[in-house]
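Chemist: Right, I'll just put the structure down here and ask away after.
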Amino acid sequence: MPDTVGLEQREPTSLRGIALRAQTCKDHRFRDLYRCVDAQLLQHCWRDLNKRSASGVDEVTGQAYEQDLTANIDALAERLKTKRYRTKLVRRCYIPKENGGERPLGIPALEDKLVQLACAKLLGSIYEQEFLPVSYGYRPGRGAKDAVCDLGFNLQYGKFGYVVEADIKGFFDTIDHDWLLEMLSLRVDDRAFLNLIRKWLKAGILDTDGQVLHPVTGSPQGGIVSPILANVYLHYATCGSSAWSSHVAAVRLFSSVMRMISSAPSSISTMPSGSTECYQSALRSSGCRSRRRRPASFVSAATTLDCLAGSVFSASSCIGAWTGVANSG
């Protein structure tokens with residue numbers, strides 16, 4: 001059984017210890033994370049795993065795996081310990097998008113989901129102490145409604161004249177693997193753990209036509225570890241660990257970013273509101289001051305992200321819309 005303190009504390013003490021260390025020592029690099037992915041943590045993660053989710057290429061369901069759960073988890077933990085664990089192909093499927101297109105999803109095999117969940121919890125224990133309050137996507141206890149409420153409050157009561165909005169094009173498919181692993185190495189000093197992440201990033205994708213794709217960028221949407229990896233990438237690539245200047249406020253709901261600036265720069269004064277050129281100029285003008293611990297080289301990682309759409313609007317035109325959403329239901 002996982003080592004817990006009290007019925008209200010469901011997280012193992014190892015995760016709480018990591019979180020406490022990450023919070024009190026911002027420069028600490030964690031070692032031996034790989035050894036934390038043991039049978040005890042896997043048993044704990046099994047309770048949180050969605051057993052009814054679609055199966056991967058192995059076609060193993062949660063119900064079937066659970067019939068001999070202890071033996072299966074012990075065998076998985078032993079393969080991890082002896083470095084005999086191998087990732088399986090990721091099964092790709094497509095779901096329709098509102099614009100008529102299709103969104104590719106990657107569905108890992110069941111045991112890959114379980115190990116990914118364990119690693120996601122370890123990474124979450126570290127990075128939840130570092131992520132900024134302006135980040136809302138795929139984080140515990142935070143979501144879109146909270147982002148809307150903060151936007152409405154800042155627009156109504158803050159001294160902001162313009163809203164800069166952007167959506168990153170195909171973000172999950174364009175994450176640079178090398179940049180991501182370098183970012184992770186700032187807090188993780190464990191080669192075996194990072195190699196585990198690398199295996200999932202490089203895992204082959206079985207497409208619907210039977211073709212096996214070998215990705216050079218990206219992390220599959222549908223992978224359990226993908227949201228925390230994507231948040232780490234955005235944390236550094238979008239000035240996540242730097243201090244905003246006093247005339248800028250921001251809200252980031254995963255790959256959608258909004259920044260509120262006090263005044264429009266002269267370079268966009270003659271551009272139509274809502275134009276992409278207007279957005280690009282304003283976004284550059286709302287940059288942030290450098291802060292210790294954010295390597296300057298990570299600024300280059302942002303150049304790998306391409307905007308699908310970008311707009312600049314006057315704050316007054318947005319107040320009614322955002323405050324109305326924030327105050328509804």
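Please note that chains go A, B, ... in the order of the structure tokens, that every chain numbers its residues from 1, and that ligands are numbered from 1 in the order shown.
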Using DSSP on the backbone, list every residue of segment 47-143 of chain A that comes out as strand (DSSP E), and give them as a PyMOL selection string.

Modeler: chain A and resi 90-96+102-107

Chemist: Ser53 of chain A: which residues within 12 Å, counting only C-alpha atoms, same-chain residues fewer than 2 positions away excluded, as a PyMOL selection string?

Modeler: chain A and resi 49-51+55-56+59-63+107-110+113+222-224

Chemist: May I have the residues within 10 Å of Ala77 of chain A as a list in words, using only C-alpha atoms and disregarding those fewer than 6 positions away in the same chain?

Modeler: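 In the requested format, the answer is Arg35, Val37, Asp38, Ala39, Gln40, Leu41, Leu42, Ala71, Lys83, Arg84, Tyr85 and Val115 of chain A.
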
Chemist: For atom CA of Leu194 of chain A and atom CA of Tyr34 of chain A, quote the distance in Å rounded to one decimal.

Modeler: 8.6 Å
